[in-house]
Amino acid sequence: MRKKLFSSILVLCSMMFCFTTNLAADKAKATSQSAIVEVQNEYNFKQAISKKGLVLVDFYATWCGPCKMMHPTIEEISVEKKGKLKVLKVDVDQNKELAVEYNIRSIPTFMLFKDGKQVWSKTGAMPKADMKAIIEQYQ
């Protein structure tokens with residue numbers, strides 16, 4: 001029984017290491033091309049969402065598993081939609097005022113703004129195709 005449990009734990013740890021390693025490699029590759037802007041304060045956020053065009057906002061936390069899982073999807077969308085979509089990431093632990101103002105109760109929460117007005121919001125992970133369909137609906 002112990003051997004089986006130990007081997008299961010070992011396999012799980014190996015899978016997590018591979019997943020983390022792949023995420024790091026994907027992040028390095030995508031970051032060089034992505035157009036994601038990390039929001040530093042409320043003023044920067046307000047300026048960014050008030051501009052003409054589409055803005056996708058990802059409210060996340062560094063410790064959040066589903067947020068980490070969605071990161072490559074957000075990176076890919078930012079590269080594919082570069083010039084047509086601005087992507088902002090808001091760390092809710094660093095920007096508590098924004099989290100309260102936008103009623104963020106669970107993460108990840110995604111919001112889409114068009115010409116300064118919020119047009120869509122969803123909490124939780126979602127497939128890339130679904131997110132792209134929502135974005136294209138408002139372009």
# chains A, B, ... in the order shown; residues from 1 in each chain; ligands from 1
$ residues_around --residues "Met126 in chain A" --least-positions-apart "6" --cutoff "10 Å" --atoms "only C-alpha atoms" --output "list in words"
Pro66, Met69, Met70, Thr73, Pro108 and Phe110 of chain A
$ atom_distance --atom1 "CA of Phe59 in chain A" --atom2 "CA of Asn44 in chain A"
14.5 Å
$ residues_around --residues "Lys89 in chain A" --least-positions-apart "4" --cutoff "8 Å" --atoms "only C-alpha atoms" --output "CSV table (one decimal) with N, CA, C and O atoms, in the first residue's frame"
chain,number,residue,atom,x,y,z
A,36,ILE,N,0.5,42.1,-23.1
A,36,ILE,CA,-0.1,42.1,-21.8
A,36,ILE,C,0.5,43.2,-21.0
A,36,ILE,O,1.7,43.4,-20.9
A,37,VAL,N,-0.4,44.0,-20.3
A,37,VAL,CA,0.1,45.1,-19.5
A,37,VAL,C,-0.3,44.7,-18.0
A,37,VAL,O,-1.5,44.5,-17.8
A,38,GLU,N,0.7,44.7,-17.2
A,38,GLU,CA,0.4,44.4,-15.7
A,38,GLU,C,0.1,45.8,-15.1
A,38,GLU,O,0.8,46.7,-15.1
A,39,VAL,N,-1.2,45.8,-14.5
A,39,VAL,CA,-1.7,47.1,-13.9
A,39,VAL,C,-1.0,47.3,-12.6
A,39,VAL,O,-0.9,46.4,-11.7
A,57,VAL,N,-9.6,42.3,-19.4
A,57,VAL,CA,-8.9,42.4,-18.1
A,57,VAL,C,-9.0,41.1,-17.4
A,57,VAL,O,-10.1,40.4,-17.3
A,58,ASP,N,-7.8,40.6,-16.9
A,58,ASP,CA,-7.7,39.4,-16.2
A,58,ASP,C,-7.4,39.7,-14.7
A,58,ASP,O,-6.3,40.1,-14.4
A,59,PHE,N,-8.4,39.6,-13.8
A,59,PHE,CA,-8.2,39.7,-12.4
A,59,PHE,C,-7.7,38.4,-11.9
A,59,PHE,O,-8.4,37.4,-12.0
A,60,TYR,N,-6.5,38.4,-11.3
A,60,TYR,CA,-5.9,37.1,-10.9
A,60,TYR,C,-5.1,37.3,-9.6
A,60,TYR,O,-5.0,38.4,-9.0
$ atom_distance --atom1 "CA of Ile49 in chain A" --atom2 "CA of Lys86 in chain A"
8.9 Å
$ closest_residue --among "A:Lys51, A:Lys114, A:Lys128, A:Lys82" --to "Ala35 in chain A" --atoms "only C-alpha atoms"
A:Lys82
$ residues_around --residues "Gln139 in chain A" --least-positions-apart "3" --cutoff "12 Å" --atoms "only C-alpha atoms" --output "list in words"
Lys52, Gly53, Leu54, Val55, Leu56, Lys81, Gly83, Lys84, Leu85, Leu112, Phe113, Lys114, Asp115, Val119, Lys132, Ala133, Ile134, Ile135 and Glu136 of chain A
$ atom_distance --atom1 "CA of Gln47 in chain A" --atom2 "CA of Ile107 in chain A"
22.8 Å
$ residues_around --residues "Asn41 in chain A" --least-positions-apart "5" --cutoff "9 Å" --atoms "only C-alpha atoms" --output "NGL selection string"
:A and (46 or 90 or 94-95 or 98)
